[in-house]
>>> print(open('query00.cif').read())   # mmCIF, N, CA and C atoms
data_final
loop_
_atom_site.label_atom_id
_atom_site.label_comp_id
_atom_site.auth_asym_id
_atom_site.auth_seq_id
_atom_site.Cartn_x
_atom_site.Cartn_y
_atom_site.Cartn_z
N MET A 1 10.01 -11.01 -6.84
CA MET A 1 9.97 -12.44 -6.58
C MET A 1 8.84 -13.09 -7.37
N CYS A 2 7.68 -12.47 -7.40
CA CYS A 2 6.53 -13.08 -8.07
C CYS A 2 6.75 -13.22 -9.57
N ASN A 3 7.47 -12.27 -10.17
CA ASN A 3 7.70 -12.34 -11.61
C ASN A 3 8.50 -13.57 -12.01
N ALA A 4 9.30 -14.10 -11.10
CA ALA A 4 10.13 -15.26 -11.39
C ALA A 4 9.39 -16.58 -11.15
N MET A 5 8.18 -16.51 -10.63
CA MET A 5 7.43 -17.71 -10.28
C MET A 5 6.55 -18.16 -11.45
N GLU A 6 6.44 -19.48 -11.62
CA GLU A 6 5.55 -20.02 -12.65
C GLU A 6 4.09 -19.74 -12.29
N THR A 7 3.75 -20.01 -11.04
CA THR A 7 2.40 -19.79 -10.55
C THR A 7 2.46 -18.99 -9.26
N VAL A 8 1.69 -17.92 -9.21
CA VAL A 8 1.61 -17.09 -8.01
C VAL A 8 0.31 -17.42 -7.30
N PRO A 9 0.38 -17.72 -6.00
CA PRO A 9 -0.86 -18.02 -5.28
C PRO A 9 -1.88 -16.89 -5.44
N GLU A 10 -3.13 -17.27 -5.65
CA GLU A 10 -4.20 -16.30 -5.89
C GLU A 10 -4.30 -15.27 -4.76
N LYS A 11 -4.18 -15.73 -3.52
CA LYS A 11 -4.27 -14.81 -2.38
C LYS A 11 -3.15 -13.76 -2.43
N VAL A 12 -1.98 -14.13 -2.95
CA VAL A 12 -0.87 -13.18 -3.05
C VAL A 12 -1.24 -12.07 -4.04
N VAL A 13 -1.80 -12.44 -5.17
CA VAL A 13 -2.22 -11.44 -6.16
C VAL A 13 -3.28 -10.52 -5.56
N GLU A 14 -4.24 -11.10 -4.86
CA GLU A 14 -5.30 -10.30 -4.24
C GLU A 14 -4.73 -9.35 -3.20
N ARG A 15 -3.87 -9.87 -2.33
CA ARG A 15 -3.34 -9.05 -1.23
C ARG A 15 -2.40 -7.97 -1.73
N PHE A 16 -1.52 -8.30 -2.67
CA PHE A 16 -0.59 -7.28 -3.13
C PHE A 16 -1.31 -6.21 -3.94
N SER A 17 -2.30 -6.61 -4.73
CA SER A 17 -3.13 -5.61 -5.43
C SER A 17 -3.80 -4.70 -4.42
N HIS A 18 -4.31 -5.27 -3.34
CA HIS A 18 -4.97 -4.48 -2.29
C HIS A 18 -3.98 -3.50 -1.64
N ILE A 19 -2.76 -3.94 -1.37
CA ILE A 19 -1.74 -3.05 -0.80
C ILE A 19 -1.53 -1.86 -1.73
N LEU A 20 -1.36 -2.14 -3.02
CA LEU A 20 -1.15 -1.06 -3.99
C LEU A 20 -2.35 -0.12 -4.05
N ASN A 21 -3.55 -0.69 -4.06
CA ASN A 21 -4.76 0.12 -4.13
C ASN A 21 -4.92 1.01 -2.91
N ALA A 22 -4.73 0.42 -1.74
CA ALA A 22 -4.90 1.19 -0.50
C ALA A 22 -3.90 2.34 -0.43
N HIS A 23 -2.65 2.07 -0.78
CA HIS A 23 -1.64 3.14 -0.77
C HIS A 23 -2.08 4.26 -1.72
N HIS A 24 -2.52 3.89 -2.90
CA HIS A 24 -2.99 4.87 -3.89
C HIS A 24 -4.19 5.67 -3.34
N ILE A 25 -5.14 4.98 -2.74
CA ILE A 25 -6.34 5.64 -2.21
C ILE A 25 -5.98 6.62 -1.11
N TRP A 26 -5.09 6.20 -0.18
CA TRP A 26 -4.70 7.10 0.90
C TRP A 26 -3.92 8.31 0.38
N ASN A 27 -3.07 8.10 -0.61
CA ASN A 27 -2.40 9.25 -1.23
C ASN A 27 -3.42 10.21 -1.83
N ALA A 28 -4.41 9.66 -2.54
CA ALA A 28 -5.44 10.49 -3.16
C ALA A 28 -6.22 11.27 -2.10
N ARG A 29 -6.52 10.63 -1.00
CA ARG A 29 -7.22 11.34 0.08
C ARG A 29 -6.38 12.49 0.62
N ALA A 30 -5.09 12.24 0.76
CA ALA A 30 -4.19 13.27 1.32
C ALA A 30 -4.11 14.49 0.43
N ILE A 31 -4.23 14.30 -0.89
CA ILE A 31 -4.15 15.44 -1.80
C ILE A 31 -5.51 15.84 -2.35
N LYS A 32 -6.56 15.25 -1.77
CA LYS A 32 -7.94 15.59 -2.10
C LYS A 32 -8.27 15.38 -3.58
N LYS A 33 -7.89 14.21 -4.07
CA LYS A 33 -8.22 13.80 -5.44
C LYS A 33 -9.03 12.51 -5.39
N ASN A 34 -9.75 12.23 -6.44
CA ASN A 34 -10.48 10.97 -6.53
C ASN A 34 -9.50 9.86 -6.91
N PRO A 35 -9.55 8.73 -6.22
CA PRO A 35 -8.65 7.63 -6.56
C PRO A 35 -9.03 6.99 -7.90
N GLU A 36 -8.02 6.43 -8.54
CA GLU A 36 -8.25 5.73 -9.81
C GLU A 36 -8.56 4.25 -9.60
N TYR A 37 -8.22 3.73 -8.43
CA TYR A 37 -8.39 2.30 -8.17
C TYR A 37 -9.40 2.07 -7.05
N ALA A 38 -10.07 0.93 -7.13
CA ALA A 38 -10.97 0.50 -6.06
C ALA A 38 -10.16 -0.31 -5.05
N VAL A 39 -10.69 -0.44 -3.85
CA VAL A 39 -9.97 -1.08 -2.74
C VAL A 39 -9.50 -2.50 -3.09
N PHE A 40 -10.34 -3.28 -3.72
CA PHE A 40 -9.98 -4.68 -3.99
C PHE A 40 -9.81 -4.97 -5.49
N GLN A 41 -9.52 -3.94 -6.26
CA GLN A 41 -9.28 -4.11 -7.69
C GLN A 41 -8.01 -4.94 -7.91
N LEU A 42 -8.09 -5.91 -8.80
CA LEU A 42 -6.93 -6.74 -9.11
C LEU A 42 -6.10 -6.11 -10.22
N HIS A 43 -4.78 -6.28 -10.11
CA HIS A 43 -3.86 -5.76 -11.11
C HIS A 43 -2.99 -6.90 -11.65
N ASP A 44 -2.65 -6.82 -12.92
CA ASP A 44 -1.69 -7.76 -13.50
C ASP A 44 -0.33 -7.52 -12.85
N MET A 45 0.37 -8.61 -12.59
CA MET A 45 1.70 -8.49 -11.96
C MET A 45 2.63 -7.59 -12.76
N GLN A 46 2.49 -7.57 -14.06
CA GLN A 46 3.34 -6.73 -14.90
C GLN A 46 3.18 -5.25 -14.58
N ASN A 47 2.05 -4.87 -13.98
CA ASN A 47 1.79 -3.46 -13.66
C ASN A 47 2.15 -3.11 -12.23
N TRP A 48 2.46 -4.09 -11.41
CA TRP A 48 2.73 -3.82 -9.99
C TRP A 48 3.87 -2.82 -9.81
N GLY A 49 4.94 -2.99 -10.54
CA GLY A 49 6.10 -2.10 -10.39
C GLY A 49 5.76 -0.65 -10.70
N ASP A 50 5.00 -0.43 -11.76
CA ASP A 50 4.62 0.94 -12.14
C ASP A 50 3.69 1.56 -11.10
N ILE A 51 2.73 0.78 -10.62
CA ILE A 51 1.79 1.30 -9.61
C ILE A 51 2.55 1.60 -8.32
N HIS A 52 3.42 0.69 -7.92
CA HIS A 52 4.22 0.90 -6.71
C HIS A 52 5.09 2.15 -6.85
N TYR A 53 5.74 2.30 -7.98
CA TYR A 53 6.58 3.48 -8.21
C TYR A 53 5.75 4.76 -8.10
N GLU A 54 4.58 4.78 -8.72
CA GLU A 54 3.73 5.97 -8.67
C GLU A 54 3.25 6.25 -7.24
N ASN A 55 2.92 5.19 -6.49
CA ASN A 55 2.53 5.36 -5.10
C ASN A 55 3.67 5.99 -4.29
N GLN A 56 4.88 5.47 -4.47
CA GLN A 56 6.03 5.99 -3.74
C GLN A 56 6.32 7.43 -4.14
N ARG A 57 6.24 7.73 -5.44
CA ARG A 57 6.48 9.08 -5.92
C ARG A 57 5.47 10.06 -5.33
N ALA A 58 4.20 9.65 -5.31
CA ALA A 58 3.15 10.51 -4.76
C ALA A 58 3.34 10.72 -3.26
N SER A 59 3.69 9.67 -2.53
CA SER A 59 3.93 9.82 -1.08
C SER A 59 5.12 10.73 -0.82
N PHE A 60 6.17 10.60 -1.63
CA PHE A 60 7.34 11.47 -1.49
C PHE A 60 6.95 12.92 -1.74
N GLU A 61 6.15 13.15 -2.75
CA GLU A 61 5.68 14.51 -3.05
C GLU A 61 4.85 15.06 -1.90
N ILE A 62 3.99 14.23 -1.34
CA ILE A 62 3.15 14.65 -0.21
C ILE A 62 4.03 15.04 0.98
N THR A 63 4.99 14.18 1.32
CA THR A 63 5.82 14.47 2.49
C THR A 63 6.75 15.64 2.24
N THR A 64 7.24 15.79 1.02
CA THR A 64 8.14 16.91 0.69
C THR A 64 7.41 18.24 0.77
N ASN A 65 6.16 18.27 0.35
CA ASN A 65 5.41 19.53 0.29
C ASN A 65 4.59 19.81 1.55
N ALA A 66 4.62 18.92 2.51
CA ALA A 66 3.82 19.12 3.72
C ALA A 66 4.44 20.20 4.61
N ASP A 67 3.65 21.19 4.94
CA ASP A 67 4.08 22.23 5.89
C ASP A 67 3.81 21.80 7.31
N ASP A 68 2.81 20.93 7.48
CA ASP A 68 2.38 20.53 8.81
C ASP A 68 1.81 19.11 8.74
N PHE A 69 2.46 18.18 9.40
CA PHE A 69 1.99 16.80 9.39
C PHE A 69 0.81 16.59 10.33
N GLU A 70 0.46 17.61 11.09
CA GLU A 70 -0.71 17.54 11.97
C GLU A 70 -1.96 18.11 11.29
N VAL A 71 -1.84 18.51 10.03
CA VAL A 71 -3.00 19.03 9.30
C VAL A 71 -4.06 17.94 9.25
N ARG A 72 -5.30 18.33 9.41
CA ARG A 72 -6.41 17.38 9.43
C ARG A 72 -6.90 17.17 8.00
N ILE A 73 -7.10 15.91 7.65
CA ILE A 73 -7.59 15.53 6.32
C ILE A 73 -8.97 14.92 6.48
N ASP A 74 -9.95 15.52 5.83
CA ASP A 74 -11.31 14.96 5.80
C ASP A 74 -11.39 14.02 4.60
N TYR A 75 -12.01 12.86 4.80
CA TYR A 75 -12.13 11.90 3.71
C TYR A 75 -13.35 11.02 3.92
N GLU A 76 -13.73 10.36 2.84
CA GLU A 76 -14.84 9.42 2.86
C GLU A 76 -14.29 8.03 2.59
N THR A 77 -14.69 7.06 3.40
CA THR A 77 -14.24 5.68 3.21
C THR A 77 -14.95 5.07 2.00
N SER A 78 -14.49 3.89 1.61
CA SER A 78 -15.13 3.19 0.49
C SER A 78 -16.57 2.80 0.82
N GLU A 79 -16.90 2.78 2.13
CA GLU A 79 -18.28 2.49 2.56
C GLU A 79 -19.12 3.76 2.67
N GLY A 80 -18.53 4.92 2.38
CA GLY A 80 -19.27 6.18 2.41
C GLY A 80 -19.29 6.88 3.75
N ARG A 81 -18.50 6.44 4.72
CA ARG A 81 -18.46 7.09 6.04
C ARG A 81 -17.43 8.20 6.03
N LEU A 82 -17.72 9.29 6.72
CA LEU A 82 -16.83 10.45 6.77
C LEU A 82 -15.96 10.40 8.02
N PHE A 83 -14.67 10.68 7.85
CA PHE A 83 -13.72 10.70 8.94
C PHE A 83 -12.72 11.83 8.73
N THR A 84 -11.98 12.13 9.79
CA THR A 84 -10.89 13.09 9.74
C THR A 84 -9.71 12.52 10.51
N ASN A 85 -8.55 12.54 9.90
CA ASN A 85 -7.31 12.12 10.55
C ASN A 85 -6.21 13.08 10.15
N THR A 86 -5.12 13.07 10.92
CA THR A 86 -3.98 13.91 10.55
C THR A 86 -3.22 13.27 9.39
N LEU A 87 -2.48 14.11 8.69
CA LEU A 87 -1.63 13.60 7.62
C LEU A 87 -0.63 12.59 8.19
N GLN A 88 -0.10 12.88 9.35
CA GLN A 88 0.84 11.95 10.00
C GLN A 88 0.19 10.59 10.23
N ASP A 89 -1.04 10.57 10.71
CA ASP A 89 -1.74 9.31 10.94
C ASP A 89 -1.95 8.56 9.63
N ILE A 90 -2.29 9.27 8.58
CA ILE A 90 -2.53 8.64 7.28
C ILE A 90 -1.24 8.03 6.74
N LEU A 91 -0.14 8.77 6.82
CA LEU A 91 1.14 8.26 6.32
C LEU A 91 1.58 7.04 7.13
N PHE A 92 1.40 7.08 8.44
CA PHE A 92 1.75 5.92 9.27
C PHE A 92 0.88 4.72 8.91
N HIS A 93 -0.40 4.99 8.67
CA HIS A 93 -1.32 3.91 8.32
C HIS A 93 -0.90 3.23 7.02
N ILE A 94 -0.46 4.00 6.03
CA ILE A 94 -0.02 3.41 4.76
C ILE A 94 1.07 2.37 5.02
N ILE A 95 2.04 2.73 5.83
CA ILE A 95 3.15 1.83 6.12
C ILE A 95 2.67 0.62 6.93
N ASN A 96 1.91 0.88 7.97
CA ASN A 96 1.45 -0.20 8.85
C ASN A 96 0.53 -1.17 8.10
N HIS A 97 -0.35 -0.66 7.29
CA HIS A 97 -1.27 -1.48 6.51
C HIS A 97 -0.49 -2.40 5.57
N SER A 98 0.50 -1.84 4.89
CA SER A 98 1.32 -2.63 3.98
C SER A 98 2.08 -3.72 4.73
N THR A 99 2.64 -3.38 5.87
CA THR A 99 3.39 -4.36 6.67
C THR A 99 2.50 -5.53 7.07
N HIS A 100 1.30 -5.22 7.51
CA HIS A 100 0.34 -6.27 7.91
C HIS A 100 0.09 -7.25 6.77
N HIS A 101 -0.24 -6.71 5.59
CA HIS A 101 -0.58 -7.60 4.48
C HIS A 101 0.66 -8.28 3.89
N ARG A 102 1.82 -7.67 3.97
CA ARG A 102 3.04 -8.34 3.50
C ARG A 102 3.34 -9.55 4.39
N GLY A 103 3.04 -9.44 5.66
CA GLY A 103 3.17 -10.59 6.55
C GLY A 103 2.23 -11.72 6.14
N GLN A 104 1.02 -11.37 5.74
CA GLN A 104 0.07 -12.37 5.27
C GLN A 104 0.57 -13.02 3.97
N ILE A 105 1.17 -12.21 3.10
CA ILE A 105 1.71 -12.74 1.85
C ILE A 105 2.84 -13.72 2.14
N ALA A 106 3.69 -13.39 3.12
CA ALA A 106 4.77 -14.31 3.49
C ALA A 106 4.19 -15.65 3.95
N THR A 107 3.11 -15.60 4.70
CA THR A 107 2.43 -16.83 5.14
C THR A 107 1.86 -17.58 3.94
N ASP A 108 1.25 -16.84 3.00
CA ASP A 108 0.73 -17.48 1.78
C ASP A 108 1.85 -18.20 1.03
N PHE A 109 3.01 -17.55 0.92
CA PHE A 109 4.14 -18.20 0.26
C PHE A 109 4.51 -19.49 0.97
N ARG A 110 4.70 -19.41 2.28
CA ARG A 110 5.09 -20.60 3.05
C ARG A 110 4.06 -21.72 2.92
N ASN A 111 2.79 -21.36 2.94
CA ASN A 111 1.73 -22.36 2.80
C ASN A 111 1.75 -23.03 1.43
N ASN A 112 2.42 -22.39 0.47
CA ASN A 112 2.54 -22.94 -0.87
C ASN A 112 3.95 -23.45 -1.16
N GLY A 113 4.74 -23.67 -0.09
CA GLY A 113 6.07 -24.24 -0.25
C GLY A 113 7.11 -23.29 -0.81
N ILE A 114 6.88 -21.98 -0.67
CA ILE A 114 7.80 -20.97 -1.20
C ILE A 114 8.39 -20.20 -0.03
N GLU A 115 9.70 -20.08 0.03
CA GLU A 115 10.34 -19.31 1.09
C GLU A 115 10.30 -17.83 0.71
N PRO A 116 9.63 -17.00 1.50
CA PRO A 116 9.51 -15.58 1.15
C PRO A 116 10.83 -14.83 1.39
N LEU A 117 10.94 -13.71 0.72
CA LEU A 117 12.07 -12.82 0.96
C LEU A 117 11.95 -12.23 2.36
N PRO A 118 13.07 -11.82 2.98
CA PRO A 118 12.97 -11.18 4.30
C PRO A 118 12.17 -9.88 4.21
N LEU A 119 11.35 -9.63 5.21
CA LEU A 119 10.55 -8.41 5.25
C LEU A 119 11.05 -7.40 6.26
N ASP A 120 12.03 -7.79 7.08
CA ASP A 120 12.51 -6.88 8.10
C ASP A 120 13.10 -5.62 7.47
N TYR A 121 12.75 -4.50 8.02
CA TYR A 121 13.20 -3.20 7.50
C TYR A 121 14.72 -3.14 7.39
N ILE A 122 15.44 -3.68 8.35
CA ILE A 122 16.90 -3.59 8.36
C ILE A 122 17.51 -4.31 7.15
N PHE A 123 16.88 -5.40 6.68
CA PHE A 123 17.36 -6.08 5.47
C PHE A 123 17.25 -5.16 4.26
N TYR A 124 16.17 -4.39 4.21
CA TYR A 124 15.94 -3.46 3.11
C TYR A 124 16.98 -2.36 3.11
N LYS A 125 17.38 -1.91 4.28
CA LYS A 125 18.32 -0.79 4.42
C LYS A 125 19.78 -1.21 4.25
N ARG A 126 20.09 -2.50 4.30
CA ARG A 126 21.49 -2.95 4.19
C ARG A 126 22.02 -2.80 2.81
#
>>> encode(input="query00.cif", output="structure tokens")
Amino acid sequence: MCNAMETVPEKVVERFSHILNAHHIWNARAIKKNPEYAVFQLHDMQNWGDIHYENQRASFEITTNADDFEVRIDYETSEGRLFTNTLQDILFHIINHSTHHRGQIATDFRNNGIEPLPLDYIFYKR
């Protein structure tokens, strides 16, 4: 949708970049690699599709190769705090986090006179 727009609201660029970054960071934590992106790093819209594809591919690889979704993952937050969560919790968080910010993006669109695409999961599955 954004690629077809003349002007994309700044908050939309910030939020969608953040969604992509967070998904990437959580995938990296799950496979114990250093992330390539910072939490609030901005991306050109032309790169969103490639980053999203790579995030989805990495998540698919993680879920396909997981022997146990209750395995504990130790990680450090962007603020340097240490935590441990299950792989299941991390995967759920990726989805929930994205849903939260996509709702904010829909509000940003409406506030700028743009009708957002439906976000309901069932629309995606139809």
>>> closest_residue(input="query00.cif", among="A:Val39, A:Ile73, A:Ala28, A:Leu20", to="His52 of chain A", atoms="all atoms listed in the file")
A:Leu20
>>> closest_residue(input="query00.cif", among="A:Gln41, A:Ile95, A:Ala106, A:Ser17", to="Tyr121 of chain A", atoms="only C-alpha atoms")
A:Ile95
>>> atom_distance(input="query00.cif", atom1="atom CA of Ile31 of chain A", atom2="atom CA of Arg81 of chain A")
18.3 Å
>>> atom_distance(input="query00.cif", atom1="atom N of His100 of chain A", atom2="atom C of Asp67 of chain A")
27.1 Å
>>> closest_residue(input="query00.cif", among="A:Glu79, A:Asp50, A:Asp44, A:Glu10", to="His24 of chain A", atoms="only C-alpha atoms")
A:Asp50
>>> atom_distance(input="query00.cif", atom1="atom C of His97 of chain A", atom2="atom CA of Asn55 of chain A")
13.5 Å
>>> select_by_dssp(input="query00.cif", residues="segment 46-126 of chain A", states="helix (DSSP H, G or I)", output="MDAnalysis selection string")
chainID A and resid 46:65 87:111 121:125
>>> select_by_dssp(input="query00.cif", residues="chain A", states="strand (DSSP E)", output="list of chain:residue names")
A:Arg72, A:Ile73, A:Asp74, A:Tyr75, A:Glu76, A:Leu82, A:Phe83, A:Thr84, A:Asn85, A:Thr86
>>> closest_residue(input="query00.cif", among="A:Thr7, A:Asn96, A:Ser78, A:Asn65", to="Ala30 of chain A", atoms="only C-alpha atoms")
A:Asn65
>>> closest_residue(input="query00.cif", among="A:Lys11, A:His93, A:Lys125, A:His23", to="Asn112 of chain A", atoms="only C-alpha atoms")
A:Lys11
>>> closest_residue(input="query00.cif", among="A:Val13, A:Tyr124, A:Gln88, A:Gly103", to="Asp68 of chain A", atoms="all atoms listed in the file")
A:Gln88
>>> axis_aligned_box(input="query00.cif", around="segment 9-27 of chain A", padding_each_side="3 Å", output="JSON")
{"center_x": -3.0, "center_y": -3.9, "center_z": -2.6, "size_x": 12.7, "size_y": 34.2, "size_z": 13.1}
>>> residues_around(input="query00.cif", residues="Leu87 of chain A", least_positions_apart="3", cutoff="7 Å", atoms="all atoms listed in the file", output="CSV table (one decimal) with N, CA and C atoms, keeping the file's coordinate frame")
chain,number,residue,atom,x,y,z
A,30,ALA,N,-5.1,12.2,0.8
A,30,ALA,CA,-4.2,13.3,1.3
A,30,ALA,C,-4.1,14.5,0.4
A,68,ASP,N,2.8,20.9,7.5
A,68,ASP,CA,2.4,20.5,8.8
A,68,ASP,C,1.8,19.1,8.7
A,69,PHE,N,2.5,18.2,9.4
A,69,PHE,CA,2.0,16.8,9.4
A,69,PHE,C,0.8,16.6,10.3
A,70,GLU,N,0.5,17.6,11.1
A,70,GLU,CA,-0.7,17.5,12.0
A,70,GLU,C,-2.0,18.1,11.3
A,71,VAL,N,-1.8,18.5,10.0
A,71,VAL,CA,-3.0,19.0,9.3
A,71,VAL,C,-4.1,17.9,9.2
A,72,ARG,N,-5.3,18.3,9.4
A,72,ARG,CA,-6.4,17.4,9.4
A,72,ARG,C,-6.9,17.2,8.0
A,73,ILE,N,-7.1,15.9,7.6
A,73,ILE,CA,-7.6,15.5,6.3
A,73,ILE,C,-9.0,14.9,6.5
A,90,ILE,N,-2.3,9.3,8.6
A,90,ILE,CA,-2.5,8.6,7.3
A,90,ILE,C,-1.2,8.0,6.7
A,91,LEU,N,-0.1,8.8,6.8
A,91,LEU,CA,1.1,8.3,6.3
A,91,LEU,C,1.6,7.0,7.1
A,92,PHE,N,1.4,7.1,8.4
A,92,PHE,CA,1.8,5.9,9.3
A,92,PHE,C,0.9,4.7,8.9
>>> residues_around(input="query00.cif", residues="Ala38 of chain A", least_positions_apart="2", cutoff="8 Å", atoms="only C-alpha atoms", output="list in words")
Asn21, Ile25, Pro35, Glu36, Phe40 and Gln41 of chain A
>>> decode(input="query00.cif", residues="segment 77-102 of chain A", atoms="N, CA and C atoms", output="PDB file, in the first residue's frame")
ATOM      1  N   THR A  77      18.746  -7.399  26.113  1.00  0.00           N
ATOM      2  CA  THR A  77      17.913  -6.379  25.469  1.00  0.00           C
ATOM      3  C   THR A  77      18.790  -5.268  24.898  1.00  0.00           C
ATOM      4  N   SER A  78      18.177  -4.384  24.133  1.00  0.00           N
ATOM      5  CA  SER A  78      18.920  -3.258  23.568  1.00  0.00           C
ATOM      6  C   SER A  78      19.421  -2.319  24.671  1.00  0.00           C
ATOM      7  N   GLU A  79      18.814  -2.421  25.874  1.00  0.00           N
ATOM      8  CA  GLU A  79      19.273  -1.621  27.020  1.00  0.00           C
ATOM      9  C   GLU A  79      20.347  -2.346  27.831  1.00  0.00           C
ATOM     10  N   GLY A  80      20.719  -3.558  27.413  1.00  0.00           N
ATOM     11  CA  GLY A  80      21.775  -4.300  28.097  1.00  0.00           C
ATOM     12  C   GLY A  80      21.311  -5.177  29.246  1.00  0.00           C
ATOM     13  N   ARG A  81      20.010  -5.367  29.422  1.00  0.00           N
ATOM     14  CA  ARG A  81      19.491  -6.218  30.493  1.00  0.00           C
ATOM     15  C   ARG A  81      19.400  -7.656  30.011  1.00  0.00           C
ATOM     16  N   LEU A  82      19.687  -8.603  30.891  1.00  0.00           N
ATOM     17  CA  LEU A  82      19.663 -10.018  30.549  1.00  0.00           C
ATOM     18  C   LEU A  82      18.329 -10.640  30.951  1.00  0.00           C
ATOM     19  N   PHE A  83      17.766 -11.448  30.047  1.00  0.00           N
ATOM     20  CA  PHE A  83      16.512 -12.139  30.288  1.00  0.00           C
ATOM     21  C   PHE A  83      16.565 -13.528  29.674  1.00  0.00           C
ATOM     22  N   THR A  84      15.605 -14.352  30.061  1.00  0.00           N
ATOM     23  CA  THR A  84      15.424 -15.678  29.490  1.00  0.00           C
ATOM     24  C   THR A  84      13.933 -15.891  29.252  1.00  0.00           C
ATOM     25  N   ASN A  85      13.597 -16.324  28.053  1.00  0.00           N
ATOM     26  CA  ASN A  85      12.221 -16.677  27.713  1.00  0.00           C
ATOM     27  C   ASN A  85      12.242 -17.928  26.854  1.00  0.00           C
ATOM     28  N   THR A  86      11.091 -18.587  26.758  1.00  0.00           N
ATOM     29  CA  THR A  86      11.011 -19.763  25.896  1.00  0.00           C
ATOM     30  C   THR A  86      10.939 -19.327  24.435  1.00  0.00           C
ATOM     31  N   LEU A  87      11.310 -20.243  23.561  1.00  0.00           N
ATOM     32  CA  LEU A  87      11.187 -19.980  22.135  1.00  0.00           C
ATOM     33  C   LEU A  87       9.729 -19.694  21.782  1.00  0.00           C
ATOM     34  N   GLN A  88       8.824 -20.427  22.383  1.00  0.00           N
ATOM     35  CA  GLN A  88       7.390 -20.205  22.145  1.00  0.00           C
ATOM     36  C   GLN A  88       6.994 -18.780  22.511  1.00  0.00           C
ATOM     37  N   ASP A  89       7.455 -18.297  23.652  1.00  0.00           N
ATOM     38  CA  ASP A  89       7.146 -16.932  24.068  1.00  0.00           C
ATOM     39  C   ASP A  89       7.709 -15.910  23.083  1.00  0.00           C
ATOM     40  N   ILE A  90       8.909 -16.141  22.613  1.00  0.00           N
ATOM     41  CA  ILE A  90       9.543 -15.220  21.674  1.00  0.00           C
ATOM     42  C   ILE A  90       8.778 -15.184  20.359  1.00  0.00           C
ATOM     43  N   LEU A  91       8.406 -16.341  19.840  1.00  0.00           N
ATOM     44  CA  LEU A  91       7.659 -16.396  18.579  1.00  0.00           C
ATOM     45  C   LEU A  91       6.299 -15.721  18.726  1.00  0.00           C
ATOM     46  N   PHE A  92       5.632 -15.949  19.848  1.00  0.00           N
ATOM     47  CA  PHE A  92       4.343 -15.286  20.080  1.00  0.00           C
ATOM     48  C   PHE A  92       4.526 -13.774  20.170  1.00  0.00           C
ATOM     49  N   HIS A  93       5.599 -13.359  20.835  1.00  0.00           N
ATOM     50  CA  HIS A  93       5.861 -11.925  20.975  1.00  0.00           C
ATOM     51  C   HIS A  93       6.063 -11.265  19.611  1.00  0.00           C
ATOM     52  N   ILE A  94       6.770 -11.924  18.700  1.00  0.00           N
ATOM     53  CA  ILE A  94       6.990 -11.359  17.368  1.00  0.00           C
ATOM     54  C   ILE A  94       5.645 -11.030  16.718  1.00  0.00           C
ATOM     55  N   ILE A  95       4.716 -11.958  16.785  1.00  0.00           N
ATOM     56  CA  ILE A  95       3.401 -11.758  16.170  1.00  0.00           C
ATOM     57  C   ILE A  95       2.627 -10.665  16.901  1.00  0.00           C
ATOM     58  N   ASN A  96       2.586 -10.749  18.217  1.00  0.00           N
ATOM     59  CA  ASN A  96       1.817  -9.795  19.008  1.00  0.00           C
ATOM     60  C   ASN A  96       2.371  -8.375  18.862  1.00  0.00           C
ATOM     61  N   HIS A  97       3.665  -8.239  18.879  1.00  0.00           N
ATOM     62  CA  HIS A  97       4.316  -6.936  18.736  1.00  0.00           C
ATOM     63  C   HIS A  97       3.957  -6.314  17.387  1.00  0.00           C
ATOM     64  N   SER A  98       4.031  -7.112  16.336  1.00  0.00           N
ATOM     65  CA  SER A  98       3.692  -6.627  15.001  1.00  0.00           C
ATOM     66  C   SER A  98       2.233  -6.199  14.923  1.00  0.00           C
ATOM     67  N   THR A  99       1.350  -6.990  15.499  1.00  0.00           N
ATOM     68  CA  THR A  99      -0.081  -6.663  15.481  1.00  0.00           C
ATOM     69  C   THR A  99      -0.339  -5.323  16.169  1.00  0.00           C
ATOM     70  N   HIS A 100       0.287  -5.121  17.303  1.00  0.00           N
ATOM     71  CA  HIS A 100       0.126  -3.866  18.052  1.00  0.00           C
ATOM     72  C   HIS A 100       0.506  -2.666  17.186  1.00  0.00           C
ATOM     73  N   HIS A 101       1.695  -2.723  16.583  1.00  0.00           N
ATOM     74  CA  HIS A 101       2.155  -1.575  15.808  1.00  0.00           C
ATOM     75  C   HIS A 101       1.416  -1.436  14.476  1.00  0.00           C
ATOM     76  N   ARG A 102       0.937  -2.522  13.902  1.00  0.00           N
ATOM     77  CA  ARG A 102       0.142  -2.413  12.673  1.00  0.00           C
ATOM     78  C   ARG A 102      -1.181  -1.700  12.975  1.00  0.00           C
TER      79      ARG A 102
END
